[in-house]
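Peer 1: Handing over coords-v4.csv, CSV, N, CA and C atoms.
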```csv
chain,number,residue,atom,x,y,z
A,84,MET,N,-20.6,6.7,-30.6
A,84,MET,CA,-21.7,7.1,-31.6
A,84,MET,C,-22.9,6.1,-31.5
A,85,ASP,N,-24.1,6.7,-31.3
A,85,ASP,CA,-25.3,5.9,-31.4
A,85,ASP,C,-25.8,5.9,-32.9
A,86,ILE,N,-26.1,4.7,-33.4
A,86,ILE,CA,-26.6,4.6,-34.7
A,86,ILE,C,-28.1,4.3,-34.6
A,87,VAL,N,-28.9,5.1,-35.2
A,87,VAL,CA,-30.4,5.0,-35.1
A,87,VAL,C,-31.0,5.1,-36.5
A,88,ARG,N,-32.2,4.6,-36.6
A,88,ARG,CA,-32.9,4.7,-37.8
A,88,ARG,C,-33.5,6.1,-37.9
A,89,LEU,N,-33.5,6.7,-39.1
A,89,LEU,CA,-34.1,8.0,-39.4
A,89,LEU,C,-35.6,7.8,-39.2
A,90,VAL,N,-36.2,8.6,-38.5
A,90,VAL,CA,-37.7,8.6,-38.3
A,90,VAL,C,-38.3,9.0,-39.6
A,91,PRO,N,-39.2,8.1,-40.1
A,91,PRO,CA,-39.9,8.5,-41.4
A,91,PRO,C,-40.6,9.9,-41.3
A,92,GLY,N,-40.3,10.7,-42.3
A,92,GLY,CA,-40.9,12.0,-42.4
A,92,GLY,C,-40.1,13.1,-41.6
A,93,ASP,N,-39.1,12.7,-40.8
A,93,ASP,CA,-38.3,13.7,-40.1
A,93,ASP,C,-37.0,13.8,-40.7
A,94,LEU,N,-36.8,14.8,-41.6
A,94,LEU,CA,-35.5,14.9,-42.3
A,94,LEU,C,-34.5,15.8,-41.6
A,95,ARG,N,-34.9,16.4,-40.5
A,95,ARG,CA,-34.0,17.3,-39.8
A,95,ARG,C,-32.6,16.7,-39.5
A,96,PRO,N,-32.5,15.4,-39.0
A,96,PRO,CA,-31.2,14.9,-38.7
A,96,PRO,C,-30.4,14.8,-40.0
A,97,LEU,N,-31.0,14.5,-41.1
A,97,LEU,CA,-30.3,14.4,-42.4
A,97,LEU,C,-29.8,15.8,-42.8
A,98,GLU,N,-30.7,16.8,-42.7
A,98,GLU,CA,-30.3,18.1,-43.0
A,98,GLU,C,-29.2,18.6,-42.2
A,99,GLU,N,-29.2,18.3,-40.9
A,99,GLU,CA,-28.1,18.6,-40.0
A,99,GLU,C,-26.8,18.0,-40.4
A,100,PHE,N,-26.9,16.7,-40.8
A,100,PHE,CA,-25.7,16.0,-41.2
A,100,PHE,C,-25.1,16.7,-42.4
A,101,LEU,N,-25.9,16.9,-43.4
A,101,LEU,CA,-25.4,17.5,-44.7
A,101,LEU,C,-24.9,18.9,-44.5
A,102,THR,N,-25.4,19.7,-43.6
A,102,THR,CA,-24.9,21.0,-43.3
A,102,THR,C,-23.5,20.9,-42.6
A,103,GLY,N,-23.3,19.9,-41.8
A,103,GLY,CA,-22.0,19.8,-41.1
A,103,GLY,C,-21.0,18.9,-41.6
A,104,ALA,N,-21.3,18.2,-42.7
A,104,ALA,CA,-20.4,17.1,-43.2
A,104,ALA,C,-19.1,17.6,-43.8
A,105,GLY,N,-19.0,18.9,-44.2
A,105,GLY,CA,-17.8,19.5,-44.7
A,105,GLY,C,-17.3,18.8,-46.0
A,106,SER,N,-16.0,18.6,-46.1
A,106,SER,CA,-15.4,18.0,-47.3
A,106,SER,C,-15.8,16.6,-47.6
A,107,SER,N,-16.4,15.9,-46.6
A,107,SER,CA,-16.9,14.6,-46.9
A,107,SER,C,-17.9,14.5,-48.0
A,108,LEU,N,-18.6,15.6,-48.3
A,108,LEU,CA,-19.5,15.6,-49.4
A,108,LEU,C,-18.9,15.7,-50.8
A,109,GLU,N,-17.6,15.9,-50.8
A,109,GLU,CA,-16.9,15.9,-52.1
A,109,GLU,C,-16.8,14.5,-52.7
A,110,THR,N,-16.9,13.5,-51.8
A,110,THR,CA,-16.8,12.1,-52.3
A,110,THR,C,-18.2,11.4,-52.1
A,111,PHE,N,-19.0,12.0,-51.3
A,111,PHE,CA,-20.4,11.4,-51.1
A,111,PHE,C,-21.4,12.4,-51.7
A,112,ARG,N,-21.7,12.0,-53.0
A,112,ARG,CA,-22.5,12.9,-53.8
A,112,ARG,C,-24.0,12.4,-54.0
A,113,TYR,N,-24.4,11.5,-53.2
A,113,TYR,CA,-25.7,10.9,-53.3
A,113,TYR,C,-26.8,11.9,-53.4
A,114,PHE,N,-26.8,12.9,-52.6
A,114,PHE,CA,-27.9,13.9,-52.6
A,114,PHE,C,-27.7,15.0,-53.6
A,115,ASP,N,-26.6,15.0,-54.3
A,115,ASP,CA,-26.4,16.0,-55.4
A,115,ASP,C,-27.5,15.8,-56.5
A,116,SER,N,-27.9,14.6,-56.7
A,116,SER,CA,-28.9,14.4,-57.8
A,116,SER,C,-30.2,13.8,-57.3
A,117,ARG,N,-30.4,13.8,-56.0
A,117,ARG,CA,-31.7,13.3,-55.4
A,117,ARG,C,-32.2,14.2,-54.4
A,118,PRO,N,-33.5,14.3,-54.3
A,118,PRO,CA,-34.1,15.1,-53.2
A,118,PRO,C,-33.9,14.4,-51.9
A,119,LEU,N,-34.0,15.1,-50.7
A,119,LEU,CA,-33.8,14.4,-49.4
A,119,LEU,C,-34.9,13.4,-49.2
A,120,GLY,N,-36.1,13.7,-49.7
A,120,GLY,CA,-37.3,12.8,-49.6
A,120,GLY,C,-37.1,11.4,-50.2
A,121,THR,N,-36.0,11.2,-51.0
A,121,THR,CA,-35.8,9.9,-51.6
A,121,THR,C,-35.5,8.8,-50.5
A,122,VAL,N,-35.2,9.3,-49.3
A,122,VAL,CA,-34.9,8.3,-48.2
A,122,VAL,C,-36.2,7.5,-47.9
A,123,SER,N,-37.3,8.0,-48.2
A,123,SER,CA,-38.6,7.3,-47.9
A,123,SER,C,-38.6,6.0,-48.7
A,124,SER,N,-37.9,5.8,-49.8
A,124,SER,CA,-37.9,4.6,-50.5
A,124,SER,C,-36.7,3.6,-50.1
A,125,HIS,N,-35.9,4.0,-49.2
A,125,HIS,CA,-34.8,3.2,-48.7
A,125,HIS,C,-35.3,2.0,-47.9
A,126,ILE,N,-34.6,0.9,-47.9
A,126,ILE,CA,-34.8,-0.2,-47.1
A,126,ILE,C,-34.6,0.2,-45.6
A,127,VAL,N,-33.5,0.9,-45.4
A,127,VAL,CA,-33.1,1.5,-44.1
A,127,VAL,C,-32.3,2.7,-44.3
A,128,THR,N,-32.5,3.7,-43.5
A,128,THR,CA,-31.7,4.9,-43.5
A,128,THR,C,-31.3,5.1,-42.0
A,129,LEU,N,-30.0,5.2,-41.8
A,129,LEU,CA,-29.5,5.3,-40.5
A,129,LEU,C,-28.7,6.7,-40.3
A,130,VAL,N,-28.7,7.2,-39.1
A,130,VAL,CA,-27.8,8.3,-38.8
A,130,VAL,C,-27.0,8.0,-37.6
A,131,GLY,N,-25.8,8.6,-37.5
A,131,GLY,CA,-25.0,8.4,-36.3
A,131,GLY,C,-25.0,9.7,-35.5
A,132,ILE,N,-25.3,9.5,-34.2
A,132,ILE,CA,-25.5,10.7,-33.3
A,132,ILE,C,-24.3,10.6,-32.3
A,133,LEU,N,-23.7,11.7,-32.1
A,133,LEU,CA,-22.6,11.9,-31.1
A,133,LEU,C,-22.8,13.2,-30.4
A,134,ASP,N,-22.9,13.2,-29.1
A,134,ASP,CA,-23.1,14.5,-28.4
A,134,ASP,C,-24.2,15.3,-28.9
A,135,GLY,N,-25.3,14.6,-29.3
A,135,GLY,CA,-26.5,15.3,-29.8
A,135,GLY,C,-26.4,15.8,-31.2
A,136,LYS,N,-25.3,15.5,-31.9
A,136,LYS,CA,-25.1,16.0,-33.3
A,136,LYS,C,-25.2,14.8,-34.3
A,137,THR,N,-25.8,15.0,-35.4
A,137,THR,CA,-25.8,14.0,-36.5
A,137,THR,C,-24.5,14.1,-37.2
A,138,ILE,N,-23.7,13.1,-37.1
A,138,ILE,CA,-22.3,13.1,-37.6
A,138,ILE,C,-22.0,12.1,-38.7
A,139,ALA,N,-23.0,11.2,-38.9
A,139,ALA,CA,-22.8,10.1,-39.9
A,139,ALA,C,-24.1,9.7,-40.5
A,140,TYR,N,-24.1,9.1,-41.7
A,140,TYR,CA,-25.2,8.8,-42.4
A,140,TYR,C,-25.0,7.4,-43.1
A,141,GLY,N,-26.0,6.6,-43.3
A,141,GLY,CA,-25.9,5.4,-44.0
A,141,GLY,C,-27.2,4.9,-44.5
A,142,HIS,N,-27.2,4.2,-45.7
A,142,HIS,CA,-28.5,3.7,-46.2
A,142,HIS,C,-28.3,2.4,-47.0
A,143,LEU,N,-29.4,1.7,-47.2
A,143,LEU,CA,-29.6,0.6,-48.1
A,143,LEU,C,-30.7,1.1,-49.1
A,144,ASP,N,-30.3,1.2,-50.3
A,144,ASP,CA,-31.2,1.8,-51.3
A,144,ASP,C,-31.5,0.8,-52.4
A,145,PRO,N,-32.7,0.4,-52.6
A,145,PRO,CA,-33.0,-0.5,-53.7
A,145,PRO,C,-33.2,0.2,-55.0
A,146,GLU,N,-32.5,-0.2,-56.0
A,146,GLU,CA,-32.6,0.5,-57.3
A,146,GLU,C,-32.4,-0.5,-58.4
A,147,ALA,N,-33.5,-0.7,-59.2
A,147,ALA,CA,-33.4,-1.6,-60.4
A,147,ALA,C,-32.9,-3.0,-60.0
A,148,GLY,N,-33.4,-3.6,-58.9
A,148,GLY,CA,-33.0,-4.9,-58.6
A,148,GLY,C,-31.7,-5.1,-57.9
A,149,ILE,N,-31.0,-3.9,-57.6
A,149,ILE,CA,-29.7,-4.0,-56.9
A,149,ILE,C,-29.9,-3.1,-55.6
A,150,THR,N,-29.4,-3.6,-54.5
A,150,THR,CA,-29.4,-2.8,-53.2
A,150,THR,C,-28.0,-2.2,-53.1
A,151,TRP,N,-28.1,-0.9,-53.0
A,151,TRP,CA,-26.9,-0.1,-52.9
A,151,TRP,C,-26.6,0.4,-51.4
A,152,LEU,N,-25.4,0.2,-51.0
A,152,LEU,CA,-25.1,0.7,-49.7
A,152,LEU,C,-24.4,2.1,-49.8
A,153,GLY,N,-24.8,3.0,-49.0
A,153,GLY,CA,-24.1,4.3,-49.0
A,153,GLY,C,-23.8,4.7,-47.6
A,154,VAL,N,-22.6,5.3,-47.4
A,154,VAL,CA,-22.2,5.7,-46.1
A,154,VAL,C,-21.4,7.0,-46.1
A,155,CYS,N,-21.5,7.8,-45.1
A,155,CYS,CA,-20.6,9.0,-45.1
A,155,CYS,C,-20.5,9.5,-43.6
A,156,VAL,N,-19.3,9.9,-43.3
A,156,VAL,CA,-19.0,10.4,-41.9
A,156,VAL,C,-18.6,11.9,-42.1
A,157,SER,N,-19.0,12.8,-41.3
A,157,SER,CA,-18.6,14.2,-41.3
A,157,SER,C,-17.1,14.3,-41.2
A,158,GLU,N,-16.6,15.2,-42.0
A,158,GLU,CA,-15.2,15.4,-42.1
A,158,GLU,C,-14.5,15.5,-40.7
A,159,ARG,N,-15.0,16.1,-39.8
A,159,ARG,CA,-14.4,16.3,-38.5
A,159,ARG,C,-14.2,15.0,-37.7
A,160,TYR,N,-15.0,14.0,-38.0
A,160,TYR,CA,-15.1,12.7,-37.3
A,160,TYR,C,-14.5,11.6,-38.0
A,161,ARG,N,-13.9,11.8,-39.2
A,161,ARG,CA,-13.3,10.7,-39.9
A,161,ARG,C,-12.1,10.2,-39.2
A,162,GLY,N,-11.8,8.9,-39.5
A,162,GLY,CA,-10.6,8.3,-39.0
A,162,GLY,C,-10.7,7.8,-37.6
A,163,LYS,N,-11.9,7.7,-37.1
A,163,LYS,CA,-12.2,7.3,-35.7
A,163,LYS,C,-13.0,5.9,-35.6
A,164,GLY,N,-13.1,5.3,-36.8
A,164,GLY,CA,-13.8,4.0,-36.8
A,164,GLY,C,-15.3,4.1,-36.9
A,165,LEU,N,-15.8,5.3,-37.1
A,165,LEU,CA,-17.3,5.5,-37.2
A,165,LEU,C,-17.9,5.0,-38.5
A,166,GLY,N,-17.1,5.2,-39.6
A,166,GLY,CA,-17.5,4.6,-40.9
A,166,GLY,C,-17.6,3.1,-40.8
A,167,LYS,N,-16.7,2.5,-40.2
A,167,LYS,CA,-16.7,1.0,-40.1
A,167,LYS,C,-17.9,0.6,-39.3
A,168,ALA,N,-18.2,1.3,-38.2
A,168,ALA,CA,-19.3,1.0,-37.4
A,168,ALA,C,-20.6,1.1,-38.2
A,169,MET,N,-20.7,2.1,-39.0
A,169,MET,CA,-21.9,2.3,-39.8
A,169,MET,C,-22.0,1.2,-40.8
A,170,VAL,N,-20.9,0.9,-41.5
A,170,VAL,CA,-21.0,-0.2,-42.5
A,170,VAL,C,-21.4,-1.5,-41.9
A,171,LYS,N,-20.8,-1.8,-40.8
A,171,LYS,CA,-21.1,-3.1,-40.1
A,171,LYS,C,-22.6,-3.1,-39.7
A,172,ARG,N,-23.1,-2.0,-39.2
A,172,ARG,CA,-24.6,-2.0,-38.9
A,172,ARG,C,-25.4,-2.2,-40.1
A,173,LEU,N,-25.0,-1.6,-41.3
A,173,LEU,CA,-25.8,-1.7,-42.5
A,173,LEU,C,-25.7,-3.2,-43.0
A,174,LEU,N,-24.5,-3.8,-42.8
A,174,LEU,CA,-24.4,-5.2,-43.2
A,174,LEU,C,-25.4,-6.1,-42.3
A,175,ASP,N,-25.4,-5.8,-41.0
A,175,ASP,CA,-26.4,-6.5,-40.1
A,175,ASP,C,-27.8,-6.2,-40.6
A,176,GLU,N,-28.1,-5.0,-40.9
A,176,GLU,CA,-29.5,-4.7,-41.4
A,176,GLU,C,-29.8,-5.5,-42.7
A,177,SER,N,-28.8,-5.6,-43.6
A,177,SER,CA,-29.1,-6.3,-44.8
A,177,SER,C,-29.3,-7.8,-44.6
A,178,VAL,N,-28.6,-8.4,-43.6
A,178,VAL,CA,-28.8,-9.8,-43.3
A,178,VAL,C,-30.2,-10.0,-42.7
A,179,ALA,N,-30.6,-9.1,-41.8
A,179,ALA,CA,-31.9,-9.1,-41.2
A,179,ALA,C,-33.0,-9.0,-42.2
A,180,ALA,N,-32.8,-8.2,-43.2
A,180,ALA,CA,-33.8,-8.0,-44.3
A,180,ALA,C,-33.6,-9.1,-45.4
A,181,ARG,N,-32.8,-10.1,-45.2
A,181,ARG,CA,-32.6,-11.2,-46.1
A,181,ARG,C,-32.1,-10.7,-47.5
A,182,ILE,N,-31.2,-9.7,-47.5
A,182,ILE,CA,-30.5,-9.2,-48.7
A,182,ILE,C,-29.2,-9.9,-48.7
A,183,SER,N,-28.9,-10.6,-49.7
A,183,SER,CA,-27.7,-11.4,-49.8
A,183,SER,C,-26.6,-10.8,-50.6
A,184,CYS,N,-26.9,-9.7,-51.3
A,184,CYS,CA,-25.9,-9.0,-52.1
A,184,CYS,C,-26.1,-7.5,-52.0
A,185,LEU,N,-25.0,-6.8,-51.8
A,185,LEU,CA,-25.0,-5.3,-51.8
A,185,LEU,C,-23.9,-4.8,-52.7
A,186,ARG,N,-24.1,-3.6,-53.2
A,186,ARG,CA,-23.1,-3.0,-54.1
A,186,ARG,C,-22.9,-1.6,-53.6
A,187,LEU,N,-21.8,-1.0,-53.9
A,187,LEU,CA,-21.5,0.4,-53.6
A,187,LEU,C,-20.5,0.9,-54.7
A,188,ALA,N,-20.4,2.2,-54.8
A,188,ALA,CA,-19.4,2.8,-55.6
A,188,ALA,C,-18.7,3.9,-54.9
A,189,THR,N,-17.4,4.0,-55.1
A,189,THR,CA,-16.6,5.1,-54.5
A,189,THR,C,-15.6,5.6,-55.5
A,190,ASP,N,-15.1,6.8,-55.2
A,190,ASP,CA,-14.1,7.4,-56.1
A,190,ASP,C,-12.8,6.6,-56.0
A,191,GLU,N,-12.2,6.4,-57.2
A,191,GLU,CA,-11.0,5.6,-57.2
A,191,GLU,C,-9.9,6.1,-56.3
A,192,GLY,N,-9.8,7.4,-56.1
A,192,GLY,CA,-8.8,7.9,-55.2
A,192,GLY,C,-9.2,8.0,-53.7
A,193,ASN,N,-10.3,7.5,-53.3
A,193,ASN,CA,-10.8,7.5,-52.0
A,193,ASN,C,-10.2,6.2,-51.3
A,194,LEU,N,-8.9,6.3,-51.0
A,194,LEU,CA,-8.3,5.1,-50.6
A,194,LEU,C,-8.7,4.6,-49.2
A,195,SER,N,-9.0,5.5,-48.3
A,195,SER,CA,-9.4,5.1,-46.9
A,195,SER,C,-10.8,4.4,-47.0
A,196,ALA,N,-11.7,4.9,-47.8
A,196,ALA,CA,-13.0,4.2,-48.0
A,196,ALA,C,-12.8,2.8,-48.6
A,197,ARG,N,-12.0,2.8,-49.7
A,197,ARG,CA,-11.7,1.5,-50.3
A,197,ARG,C,-11.1,0.5,-49.4
A,198,HIS,N,-10.2,0.9,-48.6
A,198,HIS,CA,-9.6,0.0,-47.6
A,198,HIS,C,-10.7,-0.5,-46.6
A,199,LEU,N,-11.5,0.4,-46.1
A,199,LEU,CA,-12.6,0.0,-45.2
A,199,LEU,C,-13.5,-1.1,-45.9
A,200,TYR,N,-14.0,-0.8,-47.1
A,200,TYR,CA,-14.9,-1.7,-47.8
A,200,TYR,C,-14.2,-3.1,-48.0
A,201,GLU,N,-13.0,-3.1,-48.4
A,201,GLU,CA,-12.3,-4.4,-48.6
A,201,GLU,C,-12.1,-5.1,-47.2
A,202,LYS,N,-11.8,-4.4,-46.2
A,202,LYS,CA,-11.6,-5.0,-44.9
A,202,LYS,C,-12.9,-5.6,-44.3
A,203,VAL,N,-14.1,-5.1,-44.7
A,203,VAL,CA,-15.3,-5.7,-44.2
A,203,VAL,C,-15.9,-6.7,-45.1
A,204,GLY,N,-15.2,-7.0,-46.2
A,204,GLY,CA,-15.6,-8.1,-47.1
A,204,GLY,C,-16.2,-7.7,-48.5
A,205,PHE,N,-16.1,-6.5,-48.8
A,205,PHE,CA,-16.5,-6.1,-50.2
A,205,PHE,C,-15.4,-6.5,-51.2
A,206,LYS,N,-15.8,-6.9,-52.4
A,206,LYS,CA,-14.9,-7.2,-53.4
A,206,LYS,C,-15.1,-6.3,-54.6
A,207,GLU,N,-14.0,-5.8,-55.1
A,207,GLU,CA,-14.0,-4.9,-56.3
A,207,GLU,C,-14.5,-5.8,-57.5
A,208,PHE,N,-15.4,-5.2,-58.3
A,208,PHE,CA,-15.8,-5.9,-59.5
A,208,PHE,C,-15.7,-5.1,-60.8
A,209,LEU,N,-15.6,-3.8,-60.6
A,209,LEU,CA,-15.5,-2.9,-61.8
A,209,LEU,C,-14.8,-1.6,-61.5
A,210,SER,N,-14.0,-1.1,-62.4
A,210,SER,CA,-13.4,0.2,-62.2
A,210,SER,C,-13.7,0.9,-63.5
A,211,LYS,N,-14.4,2.1,-63.4
A,211,LYS,CA,-14.8,2.8,-64.7
A,211,LYS,C,-15.0,4.2,-64.4
A,212,ASP,N,-14.4,5.1,-65.3
A,212,ASP,CA,-14.6,6.5,-65.2
A,212,ASP,C,-14.3,7.1,-63.8
A,213,GLY,N,-13.2,6.6,-63.2
A,213,GLY,CA,-12.8,7.2,-61.9
A,213,GLY,C,-13.5,6.7,-60.7
A,214,LYS,N,-14.4,5.7,-60.9
A,214,LYS,CA,-15.1,5.1,-59.8
A,214,LYS,C,-14.8,3.6,-59.7
A,215,VAL,N,-14.8,3.1,-58.5
A,215,VAL,CA,-14.6,1.7,-58.3
A,215,VAL,C,-15.9,1.1,-57.7
A,216,TYR,N,-16.3,0.0,-58.2
A,216,TYR,CA,-17.6,-0.6,-57.8
A,216,TYR,C,-17.2,-1.8,-57.0
A,217,TYR,N,-17.9,-2.0,-55.9
A,217,TYR,CA,-17.7,-3.1,-55.0
A,217,TYR,C,-19.0,-3.9,-54.8
A,218,GLU,N,-18.8,-5.2,-54.4
A,218,GLU,CA,-20.0,-6.0,-54.1
A,218,GLU,C,-19.7,-6.8,-52.9
A,219,TRP,N,-20.7,-7.0,-52.1
A,219,TRP,CA,-20.6,-7.9,-50.9
A,219,TRP,C,-21.7,-8.9,-51.0
A,220,ARG,N,-21.3,-10.1,-50.6
A,220,ARG,CA,-22.3,-11.2,-50.6
A,220,ARG,C,-22.3,-11.9,-49.2
A,221,GLU,N,-23.5,-12.2,-48.7
A,221,GLU,CA,-23.6,-12.9,-47.4
A,221,GLU,C,-22.9,-14.3,-47.6
A,222,LYS,N,-22.2,-14.6,-46.6
A,222,LYS,CA,-21.5,-15.9,-46.6
A,222,LYS,C,-22.4,-17.0,-46.1
```
Do you think you could lay out the structure here as structure tokens?
Peer 2:
Amino acid sequence: MDIVRLVPGDLRPLEEFLTGAGSSLETFRYFDSRPLGTVSSHIVTLVGILDGKTIAYGHLDPEAGITWLGVCVSERYRGKGLGKAMVKRLLDESVAARISCLRLATDEGNLSARHLYEKVGFKEFLSKDGKVYYEWREK
């Protein structure tokens, strides 16, 4: 998978991803409450391309003094290490942007995502209303 920055103003790869993500969108609900254009305020928005298809998405989103990491891999491509690759790239992007702390939230029952986040250095700091919140700090 090639991980590339979303070209500003070109939402087609994002639209393609959301159309093909399948059940992955049951746990990645970021765009349920935000328009696609919100990516223009991200520090970075990345997409994963495989065989000409957009199959993964990731972002660093500044909100109220906190930088939030979000990542999603299309249902058909989960379990192949692509989420880990996207998260690692986002961590590299955060270091390059001199962001020393990231947060994310995931569903309590999303055990594969929770395992991934813990494996790459995120630490759980809050569990509330069926969600688990994690924080990563640059070492």
Peer 1: Show me as a list in words the residues that reach within 8 Å of (-38.0, 3.1, -52.7), counting only C-alpha atoms and using the file's own coordinates.
Peer 2: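 Every residue inside that radius is included here: Thr121, Val122, Ser123, Ser124, His125, Ile126, Asp144, Pro145 and Glu146 of chain A.
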Peer 1: Determine the nearest neighbour of A:Val130 from the options A:Ala179, A:His142, A:Gly162, A:Pro91, counting only N, CA and C atoms.
Peer 2: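 Residue with the minimum atom-to-atom distance to A:Val130: A:His142.
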Peer 1: For a quick check of understanding, using all atoms listed in the file, which of A:Met84, A:Leu97, A:Ala196, A:Ala147 has the smallest distance to A:Leu165?
Peer 2: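 The answer is A:Met84, which sits nearest to A:Leu165.
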Peer 1: Quick one: pull the distance between atom N of A:Phe100 and atom CA of A:Arg172, Å, one decimal.
Peer 2: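 So the answer is 18.9 Å.
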Peer 1: Can you tell me, as a CSV table (one decimal) with N, CA and C atoms, keeping the file's coordinate frame, what residues are no more than 8 Å from stretch 102-104 of chain A when counting only N, CA and C atoms, ignoring any on the same chain fewer than 3 positions away?
Peer 2:
```csv
chain,number,residue,atom,x,y,z
A,96,PRO,N,-32.5,15.4,-39.0
A,96,PRO,CA,-31.2,14.9,-38.7
A,96,PRO,C,-30.4,14.8,-40.0
A,97,LEU,N,-31.0,14.5,-41.1
A,97,LEU,CA,-30.3,14.4,-42.4
A,97,LEU,C,-29.8,15.8,-42.8
A,98,GLU,N,-30.7,16.8,-42.7
A,98,GLU,CA,-30.3,18.1,-43.0
A,98,GLU,C,-29.2,18.6,-42.2
A,99,GLU,N,-29.2,18.3,-40.9
A,99,GLU,CA,-28.1,18.6,-40.0
A,99,GLU,C,-26.8,18.0,-40.4
A,107,SER,N,-16.4,15.9,-46.6
A,107,SER,CA,-16.9,14.6,-46.9
A,107,SER,C,-17.9,14.5,-48.0
A,108,LEU,N,-18.6,15.6,-48.3
A,108,LEU,CA,-19.5,15.6,-49.4
A,108,LEU,C,-18.9,15.7,-50.8
A,109,GLU,N,-17.6,15.9,-50.8
A,109,GLU,CA,-16.9,15.9,-52.1
A,109,GLU,C,-16.8,14.5,-52.7
A,137,THR,N,-25.8,15.0,-35.4
A,137,THR,CA,-25.8,14.0,-36.5
A,137,THR,C,-24.5,14.1,-37.2
A,138,ILE,N,-23.7,13.1,-37.1
A,138,ILE,CA,-22.3,13.1,-37.6
A,138,ILE,C,-22.0,12.1,-38.7
A,139,ALA,N,-23.0,11.2,-38.9
A,139,ALA,CA,-22.8,10.1,-39.9
A,139,ALA,C,-24.1,9.7,-40.5
A,155,CYS,N,-21.5,7.8,-45.1
A,155,CYS,CA,-20.6,9.0,-45.1
A,155,CYS,C,-20.5,9.5,-43.6
A,156,VAL,N,-19.3,9.9,-43.3
A,156,VAL,CA,-19.0,10.4,-41.9
A,156,VAL,C,-18.6,11.9,-42.1
A,157,SER,N,-19.0,12.8,-41.3
A,157,SER,CA,-18.6,14.2,-41.3
A,157,SER,C,-17.1,14.3,-41.2
A,158,GLU,N,-16.6,15.2,-42.0
A,158,GLU,CA,-15.2,15.4,-42.1
A,158,GLU,C,-14.5,15.5,-40.7
A,159,ARG,N,-15.0,16.1,-39.8
A,159,ARG,CA,-14.4,16.3,-38.5
A,159,ARG,C,-14.2,15.0,-37.7
A,160,TYR,N,-15.0,14.0,-38.0
A,160,TYR,CA,-15.1,12.7,-37.3
A,160,TYR,C,-14.5,11.6,-38.0
```
Peer 1: What is the atom CA of A:Tyr140 to atom CA of A:Lys211 distance in Å?
Peer 2: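 Interatomic distance here is 25.3 Å.
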Peer 1: In Å, rounded to a single decimal, give me how far atom CA of A:Glu201 is from atom N of A:Val87.
Peer 2: 23.4 Å
Peer 1: So that I can check the secondary structure, give me every residue of chain A assigned helix (DSSP H, G or I) by backbone DSSP, as number ranges by chain.
Peer 2: A: 95-103, 105-109, 113-115, 119-124, 158-160, 165-179, 194-202
Peer 1: Pick from A:Tyr200, A:Trp219, A:Phe208, A:Phe114: nearest to A:Lys167, with only N, CA and C atoms counted?
Peer 2: A:Tyr200
